[in-house]
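S.K.: Next up is a structure, given as structure tokens.
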Amino acid sequence: MQDLDTCLLAEPWKSVSFGSSRFMAKACFTDTGYALLVSDLSSAWYEQADALVVQARSQELNKRLKAPVSSFLKHLSEMMCPLLDGAQTQSVSFTCEEMPSKLSIRVKSELSGLPFYWDFRCVEASVPMVSRHLLRPLMGMSLALERQSQELAALLLRKDAEILDYREGGATLSRGRLETETFDETTFLENFLSQGLPEVCGSREGMTFTTNLQHLYKAIIARELRGRKHQESGDAKNHDPASPAEPEEQDTSGPEPQQAQAEDTPREASPAPAAEVPPSPVPAQTQSSPVLKPKRKKARGLFS
């Protein structure tokens, strides 16, 4: 279900009408469930259904239809996705009913030649969910558009300087209608606030996510998800007990000279290869004895 929530987060908001009511909505369908988030900018409603919920509701609303859960989910996706993309299907009808803290979206269509009914039973979305799916992305989009406006204004100023250089060099326009006034950012913003803003904030225009805004939303979310994945991978590495620990400070004092000599001398004196070494354990006194001087002439093995 976490993957389903991530999938829904990556989907951009789209304008949609359920019957005579207009909303913003986003949906995600997989082979094992779906998630739907709807808002009218006053409230927000949400439903997440897994395979068990889909199977139970399909038996409740469509007693004559028997099909795998994946088939019902595919049909629901084929009904909802075209509507979110702005396409109208004559064979599918949507109606909605708003109740206290609930929103029911009823769908009527056909599946395999038989009537198919479905109810999206949404409950009121939590504040963190609305913030994650709407508020925070909108803040990021606002900052991105502000940065874009600043860069465009700087580009226009450079273009004006370039045109002025051409004019001072004697260049003239071949078509007078192409001549423009020198760009002034302050005047432009004042004119936009007094003339353009009322038109943009007209009747219900705030619920319209244009194609460019949808692309910007997806880019903002994709960057956020990459940052979250990188942070989670870093946290998992720091807290994973199986991950290699930091190397401990090694003892640089080294073994005592006499003990080192005792360990190396028998290996040099042994004529037998390593494979023929007897498997008997090393006696305790061999490890504890600080000085061990085996006789070189009579040595026949490592433990002789």
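Chains: A, B, ... in order of the structure tokens. Residues: from 1 per chain. Ligands: from 1, in order shown.
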Tell me, which residues of stretch 69-153 of chain A carry DSSP strand (DSSP E), written as an MDAnalysis selection string?

M.R.: chainID A and resid 93:99 102:111 114:124

S.K.: Taking 2 positions as the minimum chain separation for residues in the same chain, which residues sit within 12 Å of A:Leu138 when counting only C-alpha atoms? Answer as a CSV table (one decimal) with N, CA and C atoms, in the first residue's frame.

M.R.:
```csv
chain,number,residue,atom,x,y,z
A,12,PRO,N,-0.4,13.9,-11.2
A,12,PRO,CA,-0.8,15.3,-11.1
A,12,PRO,C,-2.3,15.5,-10.9
A,13,TRP,N,-2.6,16.6,-10.3
A,13,TRP,CA,-4.0,17.0,-10.2
A,13,TRP,C,-4.6,17.3,-11.5
A,130,VAL,N,-3.4,16.1,2.7
A,130,VAL,CA,-3.6,17.3,1.9
A,130,VAL,C,-2.4,18.1,1.7
A,131,SER,N,-1.6,18.2,2.8
A,131,SER,CA,-0.4,19.0,2.7
A,131,SER,C,0.6,18.3,1.8
A,132,ARG,N,0.7,17.0,1.9
A,132,ARG,CA,1.7,16.2,1.1
A,132,ARG,C,1.3,16.2,-0.4
A,133,HIS,N,0.1,16.1,-0.7
A,133,HIS,CA,-0.4,16.0,-2.1
A,133,HIS,C,-0.7,17.3,-2.8
A,134,LEU,N,-1.0,18.4,-2.0
A,134,LEU,CA,-1.5,19.6,-2.6
A,134,LEU,C,-0.7,20.8,-2.1
A,135,LEU,N,-0.6,21.1,-0.8
A,135,LEU,CA,0.0,22.3,-0.3
A,135,LEU,C,1.5,22.4,-0.6
A,136,ARG,N,2.2,21.4,-0.2
A,136,ARG,CA,3.7,21.4,-0.4
A,136,ARG,C,4.1,21.4,-1.9
A,140,GLY,N,6.1,24.5,-3.8
A,140,GLY,CA,7.3,24.3,-4.7
A,140,GLY,C,7.1,24.8,-6.1
A,141,MET,N,5.9,24.7,-6.6
A,141,MET,CA,5.6,25.2,-7.9
A,141,MET,C,5.6,26.7,-7.9
A,142,SER,N,5.1,27.3,-6.9
A,142,SER,CA,5.1,28.8,-6.8
A,142,SER,C,6.6,29.3,-6.8
A,143,LEU,N,7.4,28.7,-6.0
A,143,LEU,CA,8.8,29.1,-6.0
A,143,LEU,C,9.5,28.9,-7.4
A,144,ALA,N,9.2,27.8,-8.0
A,144,ALA,CA,9.7,27.5,-9.4
A,144,ALA,C,9.2,28.5,-10.4
A,145,LEU,N,8.0,28.9,-10.3
A,145,LEU,CA,7.4,29.9,-11.3
A,145,LEU,C,8.0,31.2,-11.0
A,206,GLY,N,-9.3,28.6,-10.5
A,206,GLY,CA,-8.3,28.1,-9.6
A,206,GLY,C,-8.3,26.6,-9.5
A,209,PHE,N,-5.8,22.7,-13.6
A,209,PHE,CA,-4.4,22.4,-13.7
A,209,PHE,C,-4.1,22.3,-15.2
A,213,LEU,N,1.2,23.1,-16.0
A,213,LEU,CA,1.2,23.0,-14.5
A,213,LEU,C,1.3,21.5,-14.1
A,214,GLN,N,0.7,20.6,-14.9
A,214,GLN,CA,0.8,19.2,-14.5
A,214,GLN,C,2.2,18.7,-14.7
A,216,LEU,N,4.9,20.5,-14.4
A,216,LEU,CA,5.7,21.1,-13.3
A,216,LEU,C,5.4,20.4,-12.0
A,217,TYR,N,4.2,20.0,-11.8
A,217,TYR,CA,3.8,19.3,-10.6
A,217,TYR,C,4.6,18.0,-10.5
A,218,LYS,N,4.6,17.2,-11.7
A,218,LYS,CA,5.3,16.0,-11.7
A,218,LYS,C,6.8,16.1,-11.5
A,219,ALA,N,7.3,17.2,-12.0
A,219,ALA,CA,8.8,17.4,-11.9
A,219,ALA,C,9.1,17.7,-10.4
A,220,ILE,N,8.2,18.5,-9.7
A,220,ILE,CA,8.5,18.8,-8.3
A,220,ILE,C,8.4,17.5,-7.5
A,221,ILE,N,7.4,16.7,-7.7
A,221,ILE,CA,7.2,15.5,-6.9
A,221,ILE,C,8.3,14.5,-7.2
```

S.K.: So that I can check the surroundings of stretch 151-158 of chain A, please list as a VMD selection string every protein, DNA and RNA residue that reaches within 9 Å of it, counting only C-alpha atoms and ignoring chain neighbours fewer than 3 positions away.

M.R.: chain A and resid 146 to 148 161 to 163 182 to 185

S.K.: Quick one: distance from atom CA of A:Val38 to atom CA of A:Met24 in Å, one decimal?

M.R.: 5.8 Å

S.K.: Check the DSSP output for the backbone and give back, as a list in words, the residues of stretch 8-73 of chain A in helix (DSSP H, G or I).

M.R.: Leu8, Leu9, Ala10, Ala51, Leu52, Val53, Val54, Gln55, Ala56, Arg57, Ser58, Gln59, Glu60, Leu61, Val69, Ser70, Ser71, Phe72 and Leu73 of chain A

S.K.: From the list A:Gln88, A:Asn212, A:Thr6, A:Ser15, which residue is nearest A:Leu41 when using only C-alpha atoms?

M.R.: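 Using only C-alpha atoms, A:Leu41 sits closest to A:Ser15.
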
S.K.: Excluding A:Thr89 and any residue of its chain fewer than 5 positions from it, enumerate the residues within 10 Å of it, using only C-alpha atoms, and give them as an NGL selection string.

M.R.: :A and (79-80 or 82-83 or 109)

S.K.: Which polymer residues have any atom within 9 Å of an atom of A:Asp50, counting only C-alpha atoms, with same-chain residues fewer than 4 positions away left out, as a list in words?

M.R.: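 What passes the distance filter is Met1, Thr32, Gly33, Tyr34, Ala35, Val54 and Gln55 of chain A.
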
S.K.: Could those selected residues go to a file with all heavy atoms, as a tab-separated table (two decimals), in the first residue's frame?

M.R.:
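Result file result.tsv:
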```tsv
chain	number	residue	atom	x	y	z
A	1	MET	N	0.83	-1.20	0.00
A	1	MET	CA	0.00	0.00	0.00
A	1	MET	C	0.86	1.26	0.00
A	1	MET	O	0.45	2.31	-0.45
A	1	MET	CB	-0.92	-0.01	1.22
A	1	MET	CG	-1.84	-1.21	1.28
A	1	MET	SD	-2.85	-1.45	-0.21
A	1	MET	CE	-4.09	-0.20	0.03
A	32	THR	N	-3.64	-4.74	-7.84
A	32	THR	CA	-4.03	-5.19	-6.50
A	32	THR	C	-4.80	-4.14	-5.70
A	32	THR	O	-5.12	-4.38	-4.54
A	32	THR	CB	-2.78	-5.60	-5.69
A	32	THR	OG1	-1.88	-4.48	-5.62
A	32	THR	CG2	-2.08	-6.78	-6.35
A	33	GLY	N	-5.09	-2.99	-6.29
A	33	GLY	CA	-5.83	-1.97	-5.55
A	33	GLY	C	-5.83	-0.64	-6.27
A	33	GLY	O	-5.31	-0.51	-7.38
A	34	TYR	N	-6.43	0.34	-5.63
A	34	TYR	CA	-6.46	1.69	-6.20
A	34	TYR	C	-6.48	2.72	-5.07
A	34	TYR	O	-6.77	2.40	-3.91
A	34	TYR	CB	-7.67	1.89	-7.12
A	34	TYR	CG	-9.01	1.93	-6.43
A	34	TYR	CD1	-9.49	3.09	-5.82
A	34	TYR	CD2	-9.82	0.80	-6.39
A	34	TYR	CE1	-10.73	3.11	-5.19
A	34	TYR	CE2	-11.06	0.81	-5.76
A	34	TYR	CZ	-11.51	1.98	-5.16
A	34	TYR	OH	-12.74	2.00	-4.53
A	35	ALA	N	-6.16	3.94	-5.45
A	35	ALA	CA	-6.23	5.07	-4.52
A	35	ALA	C	-6.80	6.25	-5.27
A	35	ALA	O	-6.47	6.49	-6.44
A	35	ALA	CB	-4.85	5.41	-3.96
A	54	VAL	N	-11.98	-4.55	-2.93
A	54	VAL	CA	-12.53	-4.55	-4.29
A	54	VAL	C	-13.38	-5.79	-4.53
A	54	VAL	O	-14.47	-5.72	-5.12
A	54	VAL	CB	-11.39	-4.45	-5.33
A	54	VAL	CG1	-11.93	-4.63	-6.74
A	54	VAL	CG2	-10.67	-3.12	-5.20
A	55	GLN	N	-12.90	-6.93	-4.08
A	55	GLN	CA	-13.66	-8.17	-4.28
A	55	GLN	C	-14.99	-8.13	-3.52
A	55	GLN	O	-16.04	-8.50	-4.07
A	55	GLN	CB	-12.83	-9.36	-3.83
A	55	GLN	CG	-13.49	-10.71	-4.08
A	55	GLN	CD	-12.60	-11.87	-3.68
A	55	GLN	OE1	-11.65	-11.69	-2.91
A	55	GLN	NE2	-12.88	-13.06	-4.20
```

S.K.: Between A:Ile105, A:Leu9, A:Leu189, A:Leu178, which residue has the minimum interatomic distance to A:Lys26, considering only C-alpha atoms?

M.R.: A:Leu9
